[in-house]
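Listing of input-v7.cif, mmCIF, C-alpha atoms and all ligand atoms
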```
data_work
#
loop_
_atom_site.label_atom_id
_atom_site.label_comp_id
_atom_site.auth_asym_id
_atom_site.auth_seq_id
_atom_site.Cartn_x
_atom_site.Cartn_y
_atom_site.Cartn_z
CA MET A 182 51.07 159.10 109.53
CA SER A 183 47.45 159.79 110.44
CA LYS A 184 46.31 163.38 110.76
CA GLU A 185 45.54 162.77 114.41
CA SER A 186 48.84 161.29 115.55
CA LEU A 187 51.49 163.54 117.08
CA GLY A 188 54.71 164.51 115.32
CA ASN A 189 58.01 163.70 117.04
CA LYS A 190 58.67 167.31 118.02
CA ALA A 191 55.23 167.73 119.55
CA LYS A 192 55.73 164.48 121.43
CA ALA A 193 59.06 165.65 122.79
CA GLN A 194 57.54 168.93 123.94
CA LEU A 195 54.70 167.13 125.60
CA ILE A 196 56.88 164.80 127.55
CA GLU A 197 59.17 167.59 128.58
CA ARG A 198 56.21 169.53 129.90
CA PHE A 199 54.77 166.45 131.56
CA LEU A 200 58.04 165.54 133.25
CA ARG A 201 58.74 169.11 134.34
CA LYS A 202 55.31 169.23 135.97
CA LYS A 203 55.95 165.86 137.60
CA ALA A 204 59.40 166.78 138.87
CA GLY A 205 58.07 169.87 140.59
CA GLY A 206 54.83 168.32 141.76
CA GLU A 207 53.83 166.20 144.73
CA GLY A 208 54.47 162.97 142.86
CA ALA A 209 58.18 163.65 142.26
CA PRO A 210 60.20 160.76 143.67
CA ALA A 211 62.68 161.56 146.44
CA PRO A 212 66.17 160.61 145.25
CA SER A 213 66.97 157.20 146.69
CA ALA A 214 70.25 156.38 148.44
CA LEU A 215 71.10 154.38 145.33
CA SER A 216 70.52 157.29 142.93
CA ARG A 217 72.50 159.68 145.20
CA ALA A 218 75.43 157.26 145.19
CA VAL A 219 75.13 156.72 141.45
CA ARG A 220 75.19 160.47 140.78
CA ARG A 221 78.72 160.43 142.17
CA SER A 222 79.66 157.51 139.91
CA SER A 223 79.83 157.25 136.11
CA VAL A 224 76.50 155.38 135.70
CA PRO A 225 74.02 157.66 133.90
CA GLU A 226 71.25 158.57 136.33
CA ALA A 227 68.56 157.47 133.85
CA PHE A 228 69.70 153.86 134.33
CA THR A 229 68.91 154.05 138.04
CA ARG A 230 65.36 155.41 137.87
CA PHE A 231 62.08 153.73 136.92
CA ASP A 232 60.58 157.09 135.98
CA ARG A 233 63.26 157.45 133.26
CA HIS A 234 62.57 154.10 131.63
CA PRO A 235 62.07 154.86 127.91
CA ASP A 236 58.96 152.68 127.66
CA TYR A 237 57.44 154.46 130.66
CA GLU A 238 58.29 157.84 129.17
CA ARG A 239 56.57 156.81 125.92
CA MET A 240 53.51 155.86 127.95
CA LEU A 241 53.53 159.28 129.59
CA VAL A 242 53.56 160.93 126.16
CA SER A 243 50.39 159.11 125.12
CA LYS A 244 48.78 159.88 128.46
CA ALA A 245 49.68 163.55 128.28
CA ALA A 246 48.33 163.74 124.72
CA ALA A 247 45.07 162.10 125.75
CA ASP A 248 44.70 164.38 128.79
CA ARG A 249 45.36 167.41 126.64
CA ILE A 250 42.46 166.67 124.32
CA ARG A 251 40.35 165.64 127.31
CA LEU A 252 39.94 161.98 126.41
CA ARG A 253 38.49 159.85 129.21
CA ASN A 254 40.86 157.00 130.03
CA PRO A 255 38.89 153.92 128.92
CA PHE A 256 41.14 151.51 130.85
CA PHE A 257 40.84 150.19 134.41
CA ILE A 258 37.20 151.21 134.69
CA ALA A 259 35.76 150.18 138.09
CA HIS A 260 32.50 148.23 137.86
CA ASP A 261 30.16 148.47 140.84
CA GLY A 262 29.07 144.81 140.64
CA VAL A 263 28.90 141.84 138.23
CA ALA A 264 29.74 143.00 134.70
CA GLY A 265 27.13 141.15 132.64
CA ALA A 266 25.21 142.30 129.55
CA VAL A 267 24.53 145.32 131.74
CA THR A 268 26.96 146.83 134.20
CA TYR A 269 27.00 149.72 136.68
CA ILE A 270 29.85 152.21 136.73
CA ASP A 271 29.80 155.08 139.22
CA GLY A 272 26.16 154.21 139.88
CA ARG A 273 25.12 154.62 136.24
CA GLU A 274 23.79 151.76 134.09
CA TYR A 275 25.66 150.79 130.91
CA ILE A 276 25.05 148.18 128.24
CA ASN A 277 28.28 146.22 128.44
CA PHE A 278 30.13 144.85 125.41
CA SER A 279 33.52 144.64 127.14
CA SER A 280 33.32 141.34 129.04
CA TYR A 281 33.95 137.83 127.71
CA ASN A 282 30.84 136.62 129.44
CA TYR A 283 29.78 134.65 126.35
CA LEU A 284 27.11 132.44 127.89
CA GLY A 285 26.04 134.83 130.63
CA LEU A 286 27.52 132.64 133.39
CA ALA A 287 29.43 135.37 135.27
CA GLY A 288 27.36 136.01 138.37
CA HIS A 289 25.03 133.06 137.59
CA PRO A 290 23.54 131.97 140.97
CA ARG A 291 24.60 128.32 140.50
CA VAL A 292 28.17 129.31 139.63
CA ASP A 293 28.40 131.66 142.61
CA GLN A 294 26.92 129.02 144.92
CA ALA A 295 29.43 126.41 143.71
CA ALA A 296 32.27 128.80 144.60
CA LYS A 297 30.77 129.39 148.06
CA ASP A 298 30.30 125.64 148.64
CA ALA A 299 33.95 125.03 147.72
CA ILE A 300 35.05 127.72 150.20
CA ASP A 301 32.95 126.08 152.93
CA ARG A 302 34.64 122.76 152.27
CA TYR A 303 38.22 123.65 151.29
CA GLY A 304 38.75 127.34 152.12
CA THR A 305 39.84 129.99 149.66
CA SER A 306 43.33 128.86 148.72
CA ALA A 307 45.18 125.73 147.62
CA SER A 308 48.08 127.28 149.55
CA ALA A 309 50.93 125.77 147.53
CA SER A 310 51.84 123.80 144.43
CA ARG A 311 49.71 120.66 143.96
CA LEU A 312 52.88 118.65 143.37
CA VAL A 313 54.06 119.22 146.93
CA ALA A 314 51.00 120.27 148.89
CA GLY A 315 48.52 117.85 147.35
CA GLU A 316 45.24 118.02 145.49
CA ARG A 317 41.65 118.98 146.17
CA PRO A 318 39.24 116.54 144.46
CA ILE A 319 37.43 119.47 142.86
CA GLN A 320 40.60 120.32 140.86
CA ARG A 321 40.77 116.84 139.33
CA GLU A 322 37.01 116.81 138.72
CA LEU A 323 37.36 119.99 136.68
CA GLU A 324 40.28 118.50 134.72
CA ARG A 325 38.36 115.30 133.96
CA SER A 326 35.35 117.30 132.75
CA LEU A 327 37.54 119.41 130.48
CA ALA A 328 39.26 116.27 129.08
CA ASP A 329 35.77 114.84 128.38
CA ASN A 330 34.84 118.04 126.56
CA TYR A 331 37.52 117.19 123.98
CA GLY A 332 37.27 113.39 124.17
CA VAL A 333 40.95 113.17 125.16
CA GLU A 334 42.81 111.33 127.91
CA ASP A 335 43.63 114.02 130.44
CA CYS A 336 43.87 117.68 131.27
CA LEU A 337 45.90 119.98 133.52
CA VAL A 338 44.65 123.27 134.98
CA PHE A 339 46.98 126.23 135.61
CA VAL A 340 46.20 129.39 137.64
CA SER A 341 46.43 131.68 134.62
CA GLY A 342 45.51 131.30 130.95
CA HIS A 343 48.47 133.44 129.93
CA ALA A 344 50.87 131.37 132.04
CA THR A 345 49.40 128.18 130.53
CA ASN A 346 50.57 129.13 127.05
CA VAL A 347 53.93 130.48 128.20
CA SER A 348 54.78 127.49 130.37
CA THR A 349 53.43 124.79 128.05
CA ILE A 350 55.22 125.96 124.91
CA ALA A 351 58.47 126.69 126.77
CA THR A 352 58.45 123.27 128.47
CA LEU A 353 57.80 121.19 125.38
CA PHE A 354 59.96 122.95 122.77
CA GLY A 355 63.57 124.10 122.64
CA PRO A 356 66.43 125.43 120.50
CA LYS A 357 66.37 122.56 117.97
CA ASP A 358 62.65 123.07 117.33
CA LEU A 359 60.43 125.45 115.38
CA VAL A 360 57.13 127.03 116.40
CA VAL A 361 55.00 128.44 113.60
CA HIS A 362 52.04 130.59 114.58
CA ASP A 363 49.21 132.52 113.00
CA GLY A 364 50.13 136.18 112.40
CA LEU A 365 47.45 137.29 114.88
CA ALA A 366 48.52 134.95 117.70
CA HIS A 367 47.93 136.10 121.27
CA ASN A 368 50.82 137.60 123.25
CA SER A 369 50.98 134.57 125.58
CA ILE A 370 51.82 132.32 122.62
CA ILE A 371 54.61 134.63 121.44
CA GLU A 372 56.04 134.93 124.96
CA GLY A 373 56.04 131.14 125.33
CA ILE A 374 57.92 130.71 122.06
CA LYS A 375 60.51 133.35 123.06
CA LEU A 376 61.09 131.61 126.37
CA SER A 377 61.39 128.18 124.71
CA GLY A 378 64.38 129.25 122.62
CA ALA A 379 62.79 127.57 119.58
CA ALA A 380 62.92 129.26 116.16
CA ARG A 381 59.78 131.30 115.52
CA ARG A 382 58.00 131.89 112.23
CA SER A 383 54.51 133.21 111.50
CA PHE A 384 52.15 132.77 108.57
CA PRO A 385 49.56 135.31 107.36
CA HIS A 386 46.37 135.21 109.41
CA ASN A 387 44.29 132.10 108.66
CA HIS A 388 46.28 131.25 105.50
CA ALA A 389 46.68 127.49 105.76
CA ASP A 390 48.19 127.37 102.26
CA ALA A 391 50.99 129.76 103.25
CA LEU A 392 51.75 127.53 106.25
CA ASP A 393 51.86 124.49 103.98
CA THR A 394 54.36 126.21 101.67
CA LEU A 395 56.51 127.37 104.58
CA LEU A 396 56.66 123.89 106.10
CA ALA A 397 57.54 122.33 102.75
CA GLU A 398 60.61 124.60 102.76
CA VAL A 399 61.76 124.45 106.38
CA ARG A 400 60.36 121.35 108.11
CA GLY A 401 63.52 119.33 107.52
CA GLN A 402 65.74 121.81 109.39
CA PHE A 403 64.20 121.13 112.80
CA GLU A 404 63.48 118.30 115.22
CA ARG A 405 60.00 119.03 116.61
CA VAL A 406 57.70 121.53 114.92
CA LEU A 407 54.64 123.02 116.59
CA ILE A 408 51.86 124.85 114.75
CA VAL A 409 49.82 127.20 116.98
CA ILE A 410 46.45 128.59 115.97
CA GLU A 411 43.44 129.93 117.86
CA GLY A 412 39.94 128.48 117.64
CA HIS A 413 38.35 131.92 117.41
CA TYR A 414 40.39 135.09 117.03
CA SER A 415 39.62 137.65 119.70
CA MET A 416 40.51 140.77 117.75
CA ASP A 417 38.65 139.87 114.56
CA GLY A 418 35.98 137.31 115.47
CA ASP A 419 36.94 134.89 112.68
CA ILE A 420 37.83 131.20 112.85
CA PRO A 421 40.45 128.99 111.15
CA ASP A 422 39.79 126.09 108.78
CA LEU A 423 40.64 123.45 111.40
CA PRO A 424 40.42 120.39 109.07
CA ALA A 425 42.97 122.04 106.74
CA PHE A 426 45.40 122.60 109.66
CA VAL A 427 44.95 119.01 110.86
CA ASP A 428 45.77 117.79 107.36
CA ILE A 429 48.89 120.00 107.18
CA LYS A 430 50.23 118.94 110.56
CA ARG A 431 49.84 115.27 109.56
CA ARG A 432 51.53 115.64 106.19
CA HIS A 433 54.50 117.55 107.62
CA GLY A 434 54.92 115.58 110.85
CA CYS A 435 54.16 118.48 113.21
CA PHE A 436 52.21 119.00 116.42
CA LEU A 437 49.08 121.18 116.33
CA MET A 438 48.07 123.37 119.30
CA VAL A 439 44.72 125.19 119.35
CA ASP A 440 44.06 128.02 121.82
CA GLU A 441 40.37 127.79 122.69
CA ALA A 442 40.19 130.91 124.88
CA HIS A 443 37.37 132.38 122.79
CA SER A 444 35.90 129.21 121.28
CA LEU A 445 34.93 127.16 124.33
CA GLY A 446 31.25 127.91 124.91
CA VAL A 447 31.10 129.77 121.61
CA LEU A 448 31.64 127.31 118.75
CA GLY A 449 29.71 124.14 117.99
CA ALA A 450 26.04 123.45 118.67
CA THR A 451 26.69 122.79 122.37
CA GLY A 452 29.69 125.12 122.82
CA LYS A 453 32.32 122.37 123.03
CA GLY A 454 34.55 124.41 120.76
CA ILE A 455 35.99 124.39 117.27
CA HIS A 456 36.26 120.59 117.03
CA GLU A 457 32.51 120.34 117.51
CA HIS A 458 31.96 123.09 114.95
CA TYR A 459 33.83 121.12 112.26
CA GLY A 460 33.05 117.60 113.49
CA VAL A 461 36.80 116.97 114.00
CA ALA A 462 37.77 114.38 116.65
CA GLY A 463 39.40 115.90 119.73
CA LYS A 464 42.32 113.47 119.31
CA ASP A 465 43.16 115.01 115.93
CA VAL A 466 44.62 118.03 117.72
CA ASP A 467 47.71 117.43 119.87
CA ILE A 468 47.33 120.25 122.40
CA TRP A 469 44.02 121.81 123.35
CA MET A 470 44.63 124.94 125.37
CA GLY A 471 41.93 127.15 126.83
CA THR A 472 41.08 129.58 129.61
CA LEU A 473 38.63 129.43 132.49
CA SER A 474 38.25 133.21 132.52
CA LYS A 475 35.79 133.65 129.67
CA THR A 476 32.82 131.31 129.14
CA LEU A 477 33.60 129.51 132.41
CA ALA A 478 33.30 132.66 134.54
CA ALA A 479 36.41 131.88 136.60
CA CYS A 480 40.16 132.35 136.23
CA GLY A 481 42.94 130.08 135.01
CA GLY A 482 43.92 128.03 131.98
CA TYR A 483 44.10 124.40 130.87
CA VAL A 484 45.86 122.01 128.54
CA ALA A 485 44.03 118.88 127.39
CA GLY A 486 45.39 116.02 125.32
CA GLU A 487 47.08 112.62 125.63
CA ARG A 488 48.28 111.30 128.98
CA ALA A 489 51.99 111.64 128.16
CA LEU A 490 51.52 115.35 127.39
CA VAL A 491 49.64 116.07 130.60
CA GLU A 492 51.92 113.99 132.79
CA HIS A 493 55.03 115.62 131.33
CA LEU A 494 53.65 119.11 132.06
CA LYS A 495 52.45 118.07 135.50
CA TYR A 496 55.98 117.23 136.60
CA SER A 497 57.93 119.86 134.72
CA ALA A 498 56.01 122.95 133.52
CA PRO A 499 57.35 125.75 135.78
CA GLY A 500 54.02 127.64 135.67
CA PHE A 501 52.40 124.56 137.23
CA VAL A 502 55.13 122.98 139.35
CA TYR A 503 56.35 126.21 140.96
CA SER A 504 52.95 127.89 141.20
CA VAL A 505 50.01 127.42 143.54
CA GLY A 506 47.20 125.05 142.52
CA ILE A 507 43.96 126.59 141.28
CA SER A 508 41.98 127.84 144.26
CA PRO A 509 39.01 125.61 145.22
CA PRO A 510 36.28 128.26 144.74
CA VAL A 511 37.64 129.11 141.31
CA ALA A 512 37.73 125.42 140.33
CA GLY A 513 34.20 125.00 141.72
CA ALA A 514 32.89 127.96 139.73
CA ALA A 515 34.47 126.77 136.47
CA LEU A 516 33.16 123.23 136.96
CA GLU A 517 29.61 124.43 137.57
CA ALA A 518 29.79 126.79 134.58
CA LEU A 519 30.89 123.84 132.41
CA ARG A 520 27.92 121.80 133.68
CA ILE A 521 25.53 124.62 132.78
CA MET A 522 27.14 125.00 129.36
CA ASN A 523 26.64 121.28 128.72
CA SER A 524 23.05 121.15 129.92
CA GLU A 525 21.77 124.42 128.39
CA PRO A 526 22.82 124.48 124.73
CA GLU A 527 20.10 127.06 124.13
CA ARG A 528 22.56 129.60 125.59
CA VAL A 529 24.95 128.90 122.72
CA ALA A 530 22.16 129.21 120.15
CA ARG A 531 21.10 132.53 121.70
CA LEU A 532 24.68 133.82 121.63
CA HIS A 533 24.96 133.00 117.89
CA GLN A 534 21.62 134.64 117.12
CA ARG A 535 22.57 137.85 118.97
CA ALA A 536 26.05 138.03 117.45
CA GLN A 537 24.71 137.41 113.94
CA ARG A 538 22.21 140.18 114.50
CA LEU A 539 24.86 142.62 115.67
CA LEU A 540 27.08 141.76 112.70
CA ALA A 541 24.28 142.09 110.13
CA ARG A 542 22.94 145.35 111.58
CA ALA A 543 26.45 146.85 111.81
CA ARG A 544 27.16 145.95 108.18
CA ASP A 545 23.79 147.44 107.13
CA ALA A 546 24.82 150.63 108.90
CA GLY A 547 28.04 150.79 106.85
CA ILE A 548 30.37 149.89 109.73
CA ASP A 549 33.59 148.07 108.80
CA THR A 550 33.42 144.82 110.78
CA GLY A 551 36.57 143.33 109.24
CA HIS A 552 36.61 139.53 108.99
CA SER A 553 34.11 138.87 111.79
CA GLN A 554 31.99 135.77 111.25
CA GLY A 555 29.55 136.79 113.96
CA TYR A 556 29.90 133.98 116.52
CA ALA A 557 30.50 136.28 119.52
CA ILE A 558 33.06 138.96 118.61
CA VAL A 559 32.40 141.88 116.30
CA PRO A 560 34.97 144.64 115.75
CA ALA A 561 34.25 148.09 114.31
CA LEU A 562 37.41 149.25 112.58
CA ALA A 563 38.09 152.89 113.35
CA GLY A 564 41.27 153.57 111.34
CA GLY A 565 43.41 154.87 114.22
CA SER A 566 43.94 154.63 117.98
CA LEU A 567 42.80 158.17 118.71
CA LYS A 568 39.61 157.74 116.74
CA ALA A 569 38.87 154.38 118.38
CA THR A 570 39.34 155.93 121.84
CA ARG A 571 37.13 158.89 120.93
CA LEU A 572 34.40 156.56 119.68
CA SER A 573 34.62 154.56 122.89
CA ASN A 574 34.27 157.81 124.88
CA GLN A 575 31.22 158.82 122.85
CA LEU A 576 29.52 155.46 123.28
CA PHE A 577 30.17 155.74 127.02
CA GLU A 578 28.25 159.01 127.03
CA HIS A 579 25.40 157.10 125.35
CA GLY A 580 25.42 154.53 128.17
CA ILE A 581 27.41 151.87 126.28
CA ASN A 582 30.67 150.35 127.54
CA ALA A 583 32.89 149.13 124.68
CA GLN A 584 36.68 148.98 124.72
CA PRO A 585 38.92 150.51 122.10
CA ILE A 586 41.71 148.21 120.91
CA ILE A 587 44.64 150.44 120.10
CA HIS A 588 48.30 150.26 119.13
CA PRO A 589 50.36 148.25 120.16
CA ALA A 590 47.69 145.57 120.72
CA VAL A 591 46.92 145.92 116.99
CA GLU A 592 48.63 147.84 114.17
CA GLU A 593 47.82 151.57 114.30
CA LYS A 594 45.68 151.49 111.16
CA ALA A 595 43.80 148.44 112.50
CA ALA A 596 42.72 150.20 115.75
CA ARG A 597 39.11 149.44 116.51
CA LEU A 598 36.24 149.18 118.89
CA ARG A 599 35.48 145.62 119.82
CA PHE A 600 32.15 144.19 120.94
CA PHE A 601 31.91 140.98 122.92
CA VAL A 602 28.40 139.64 122.63
CA SER A 603 26.78 137.62 125.41
CA ALA A 604 23.81 135.23 125.29
CA ASP A 605 22.22 137.68 127.75
CA HIS A 606 22.25 140.69 125.42
CA THR A 607 18.78 141.57 124.16
CA ASP A 608 17.88 142.55 120.60
CA GLU A 609 16.93 145.96 121.98
CA GLN A 610 20.41 146.46 123.49
CA ILE A 611 21.96 145.58 120.14
CA GLU A 612 19.68 148.05 118.36
CA ARG A 613 20.72 150.77 120.84
CA LEU A 614 24.37 150.06 120.08
CA ILE A 615 23.83 150.25 116.31
CA ALA A 616 21.86 153.48 116.61
CA ALA A 617 24.62 155.05 118.71
CA LEU A 618 27.39 153.82 116.40
CA ALA A 619 25.66 154.81 113.20
N1 LIG B 701 44.82 133.15 124.87
C1 LIG B 701 44.02 134.02 124.25
C2 LIG B 701 43.69 133.83 122.81
C3 LIG B 701 43.48 135.10 124.96
O1 LIG B 701 42.66 135.96 124.37
C4 LIG B 701 43.82 135.26 126.34
C5 LIG B 701 43.30 136.42 127.18
N2 LIG B 701 42.41 137.24 126.68
C6 LIG B 701 44.67 134.33 126.92
C7 LIG B 701 45.16 133.29 126.17
C8 LIG B 701 45.06 134.46 128.37
O2 LIG B 701 44.01 134.04 129.17
P1 LIG B 701 43.72 134.63 130.63
O3 LIG B 701 43.22 136.04 130.44
O4 LIG B 701 42.65 133.74 131.14
O5 LIG B 701 44.98 134.57 131.38
#
```
Write the structure described by the file as structure tokens, please.
Ligand code: PMP
Amino acid sequence: MSKESLGNKAKAQLIERFLRKKAGGEGAPAPSALSRAVRRSSVPEAFTRFDRHPDYERMLVSKAAADRIRLRNPFFIAHDGVAGAVTYIDGREYINFSSYNYLGLAGHPRVDQAAKDAIDRYGTSASASRLVAGERPIQRELERSLADNYGVEDCLVFVSGHATNVSTIATLFGPKDLVVHDGLAHNSIIEGIKLSGAARRSFPHNHADALDTLLAEVRGQFERVLIVIEGHYSMDGDIPDLPAFVDIKRRHGCFLMVDEAHSLGVLGATGKGIHEHYGVAGKDVDIWMGTLSKTLAACGGYVAGERALVEHLKYSAPGFVYSVGISPPVAGAALEALRIMNSEPERVARLHQRAQRLLARARDAGIDTGHSQGYAIVPALAGGSLKATRLSNQLFEHGINAQPIIHPAVEEKAARLRFFVSADHTDEQIERLIAALA
């Protein structure tokens, strides 16, 4: 256990104190009719109250501990305007390394204008599921442009990137199947596998050989097998050996899904993603998944691939069929951002140059940057959640906004600060960060 983490007894005392204060204070919930009735029955009262949920109580312990040592809560910070390379919080200017604004397209005048034009034409909402309420041409235009990005037949856009993974995996795979994922897979991938009912196995991060060995042992026990990797890992800033994974999926008769949330706009000379980086044909990957919320300055997710895949999802993925279509201004913004990405590859080159600079300067300063390859994401490993949060607090005092990544998002010993670089960051801003960190 780290020196800074609390012992069990201290935790128990803290929560007791916290709850006692809460029970007596203004925020104490009035007993509901349900809990009054339950008190007369044999159901333990704790099972009738949200404020007695064990996970919530654990959260209160961490919060009480942080308050006690006067840590500023680094979460849910309110930005005064567009959070670009620079942001304003409570009227003060900060250099911002906490947004996935890789190509600097959030708040870009053309992207904003495209959203406004779409509102003028279609209004703000698609109102209902596209299956029943119909399409807006701008939604299909976005899907065709994303399919072109990968050189595949079609694409389907969902209203959330997270829901895209959950719904896609759960629709296509079931109890007779296996899904094997990288050890650092995003939560949305894990949730999708759980919902699918398929068997789940993981392989050590980026170890294609370990996957190969695992499949040699277990492939025969299942009907369909899906391998899920990410194009660019958001916690570590490293990328997989895509050609090796394509080779493995072919040899073992599996499907390969690549989550491009952090690689669209980031990898390849023109930002098309990891297939461009390696010169792999888009058709060599079965399911391209990505989000509109990062490089594309919007909100939502997509799946691109062969027509049968897209058509199947279109008529049966619950996150698409039973959810509203992407709103026209959001589709308009993403489409315009994609156009800018395609026509201004210098943004991608600038992003790489800035990220490489940050990585090299951080390493020179003795900072542990883990496996980062310096395309856009650079972590600074801190060794513990408390230390990562303290460092984030200190940077904030120096006018720098950078998020701590703490347990349970990563293992406790892997807690870190994480810097998202944007094409709009200047060399001077990067030097200020290194000076503050060092
Ligand atoms: N996949 C990965 C790898 C992600 O990092 C994220 C979110 N950060 C998502 C999926 C979900 O995307 P969204 O936030 O757009 O819902």
Next item on the list: Name the residues in contact with segment 336-348 of chain A at a cut-off of 10 Å, using all atoms listed in the file, excluding same-chain residues fewer than 6 positions from it; report them as a ChimeraX atom specification.
Entry: /A:320-321,323-329,367-377,438,440,442,468-474,480-488,490-492,494-495,497-502,504-508,511-512
Using the selection just defined, write its residues with C-alpha atoms as a PDB file, in the frame of the given file.
```pdb
ATOM      1  CA  GLN A 320      40.600 120.320 140.860  1.00  0.00           C
ATOM      2  CA  ARG A 321      40.770 116.840 139.330  1.00  0.00           C
ATOM      3  CA  LEU A 323      37.360 119.990 136.680  1.00  0.00           C
ATOM      4  CA  GLU A 324      40.280 118.500 134.720  1.00  0.00           C
ATOM      5  CA  ARG A 325      38.360 115.300 133.960  1.00  0.00           C
ATOM      6  CA  SER A 326      35.350 117.300 132.750  1.00  0.00           C
ATOM      7  CA  LEU A 327      37.540 119.410 130.480  1.00  0.00           C
ATOM      8  CA  ALA A 328      39.260 116.270 129.080  1.00  0.00           C
ATOM      9  CA  ASP A 329      35.770 114.840 128.380  1.00  0.00           C
ATOM     10  CA  HIS A 367      47.930 136.100 121.270  1.00  0.00           C
ATOM     11  CA  ASN A 368      50.820 137.600 123.250  1.00  0.00           C
ATOM     12  CA  SER A 369      50.980 134.570 125.580  1.00  0.00           C
ATOM     13  CA  ILE A 370      51.820 132.320 122.620  1.00  0.00           C
ATOM     14  CA  ILE A 371      54.610 134.630 121.440  1.00  0.00           C
ATOM     15  CA  GLU A 372      56.040 134.930 124.960  1.00  0.00           C
ATOM     16  CA  GLY A 373      56.040 131.140 125.330  1.00  0.00           C
ATOM     17  CA  ILE A 374      57.920 130.710 122.060  1.00  0.00           C
ATOM     18  CA  LYS A 375      60.510 133.350 123.060  1.00  0.00           C
ATOM     19  CA  LEU A 376      61.090 131.610 126.370  1.00  0.00           C
ATOM     20  CA  SER A 377      61.390 128.180 124.710  1.00  0.00           C
ATOM     21  CA  MET A 438      48.070 123.370 119.300  1.00  0.00           C
ATOM     22  CA  ASP A 440      44.060 128.020 121.820  1.00  0.00           C
ATOM     23  CA  ALA A 442      40.190 130.910 124.880  1.00  0.00           C
ATOM     24  CA  ILE A 468      47.330 120.250 122.400  1.00  0.00           C
ATOM     25  CA  TRP A 469      44.020 121.810 123.350  1.00  0.00           C
ATOM     26  CA  MET A 470      44.630 124.940 125.370  1.00  0.00           C
ATOM     27  CA  GLY A 471      41.930 127.150 126.830  1.00  0.00           C
ATOM     28  CA  THR A 472      41.080 129.580 129.610  1.00  0.00           C
ATOM     29  CA  LEU A 473      38.630 129.430 132.490  1.00  0.00           C
ATOM     30  CA  SER A 474      38.250 133.210 132.520  1.00  0.00           C
ATOM     31  CA  CYS A 480      40.160 132.350 136.230  1.00  0.00           C
ATOM     32  CA  GLY A 481      42.940 130.080 135.010  1.00  0.00           C
ATOM     33  CA  GLY A 482      43.920 128.030 131.980  1.00  0.00           C
ATOM     34  CA  TYR A 483      44.100 124.400 130.870  1.00  0.00           C
ATOM     35  CA  VAL A 484      45.860 122.010 128.540  1.00  0.00           C
ATOM     36  CA  ALA A 485      44.030 118.880 127.390  1.00  0.00           C
ATOM     37  CA  GLY A 486      45.390 116.020 125.320  1.00  0.00           C
ATOM     38  CA  GLU A 487      47.080 112.620 125.630  1.00  0.00           C
ATOM     39  CA  ARG A 488      48.280 111.300 128.980  1.00  0.00           C
ATOM     40  CA  LEU A 490      51.520 115.350 127.390  1.00  0.00           C
ATOM     41  CA  VAL A 491      49.640 116.070 130.600  1.00  0.00           C
ATOM     42  CA  GLU A 492      51.920 113.990 132.790  1.00  0.00           C
ATOM     43  CA  LEU A 494      53.650 119.110 132.060  1.00  0.00           C
ATOM     44  CA  LYS A 495      52.450 118.070 135.500  1.00  0.00           C
ATOM     45  CA  SER A 497      57.930 119.860 134.720  1.00  0.00           C
ATOM     46  CA  ALA A 498      56.010 122.950 133.520  1.00  0.00           C
ATOM     47  CA  PRO A 499      57.350 125.750 135.780  1.00  0.00           C
ATOM     48  CA  GLY A 500      54.020 127.640 135.670  1.00  0.00           C
ATOM     49  CA  PHE A 501      52.400 124.560 137.230  1.00  0.00           C
ATOM     50  CA  VAL A 502      55.130 122.980 139.350  1.00  0.00           C
ATOM     51  CA  SER A 504      52.950 127.890 141.200  1.00  0.00           C
ATOM     52  CA  VAL A 505      50.010 127.420 143.540  1.00  0.00           C
ATOM     53  CA  GLY A 506      47.200 125.050 142.520  1.00  0.00           C
ATOM     54  CA  ILE A 507      43.960 126.590 141.280  1.00  0.00           C
ATOM     55  CA  SER A 508      41.980 127.840 144.260  1.00  0.00           C
ATOM     56  CA  VAL A 511      37.640 129.110 141.310  1.00  0.00           C
ATOM     57  CA  ALA A 512      37.730 125.420 140.330  1.00  0.00           C
TER      58      ALA A 512
END
```
Margin query: Restricting the calculation to only C-alpha atoms and all ligand atoms: of A:Val242, A:Ala379, A:Leu365, A:Leu539, which residue gets closest to ligand LIG 701 (chain B)?
Written below: A:Leu365
Check: How many Å lie between atom CA of Gly463 of chain A and atom CA of Ala479 of chain A, rounded to one decimal?
Finding: 23.4 Å
Notebook entry, point to check: Leaving out segment 394-411 of chain A and any residue of its chain fewer than 4 positions from it, which residues lie within 7 Å of it when counting only C-alpha atoms, given as a PyMOL selection string?
Noted result: chain A and resi 357-363+366+390+433+435-441
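Shortest separation to Gly580 of chain A among A:Ile270, A:Ala518, A:Ile300, A:Ala425 occurs at residue A:Ile270, atoms counted being only C-alpha atoms.
Checking A:Ala514, A:Leu241, A:Ala546, A:Ile586 one by one against Leu562 of chain A, counting only C-alpha atoms, you find the shortest gap at A:Ile586.
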Checklist line | Using only C-alpha atoms and all ligand atoms: which of A:Arg528, A:His413, A:Arg311, A:Lys568 has the shortest distance to ligand LIG 701 (chain B) | finding: A:His413
Checklist line | Top pick for closest residue to ligand LIG 701 (chain B), considering A:Lys475, A:Arg249, A:His533, A:His552 and counting only C-alpha atoms and all ligand atoms | finding: A:Lys475
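Omitting Ala563 of chain A and its sequence neighbours fewer than 2 positions away, and counting only C-alpha atoms, the residues within 9 Å are Asp549, Ala561, Gly565, Ser566, Leu567, Lys568, Ala569, Leu572, Lys594, Ala595, Ala596, Arg597 and Leu598 of chain A.
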Next item on the list: Go through A:Glu612, A:Glu527, A:Asp605, A:Asp335 and flag the residue nearest Tyr281 of chain A, using all atoms listed in the file for the distances.
Entry: A:Asp605
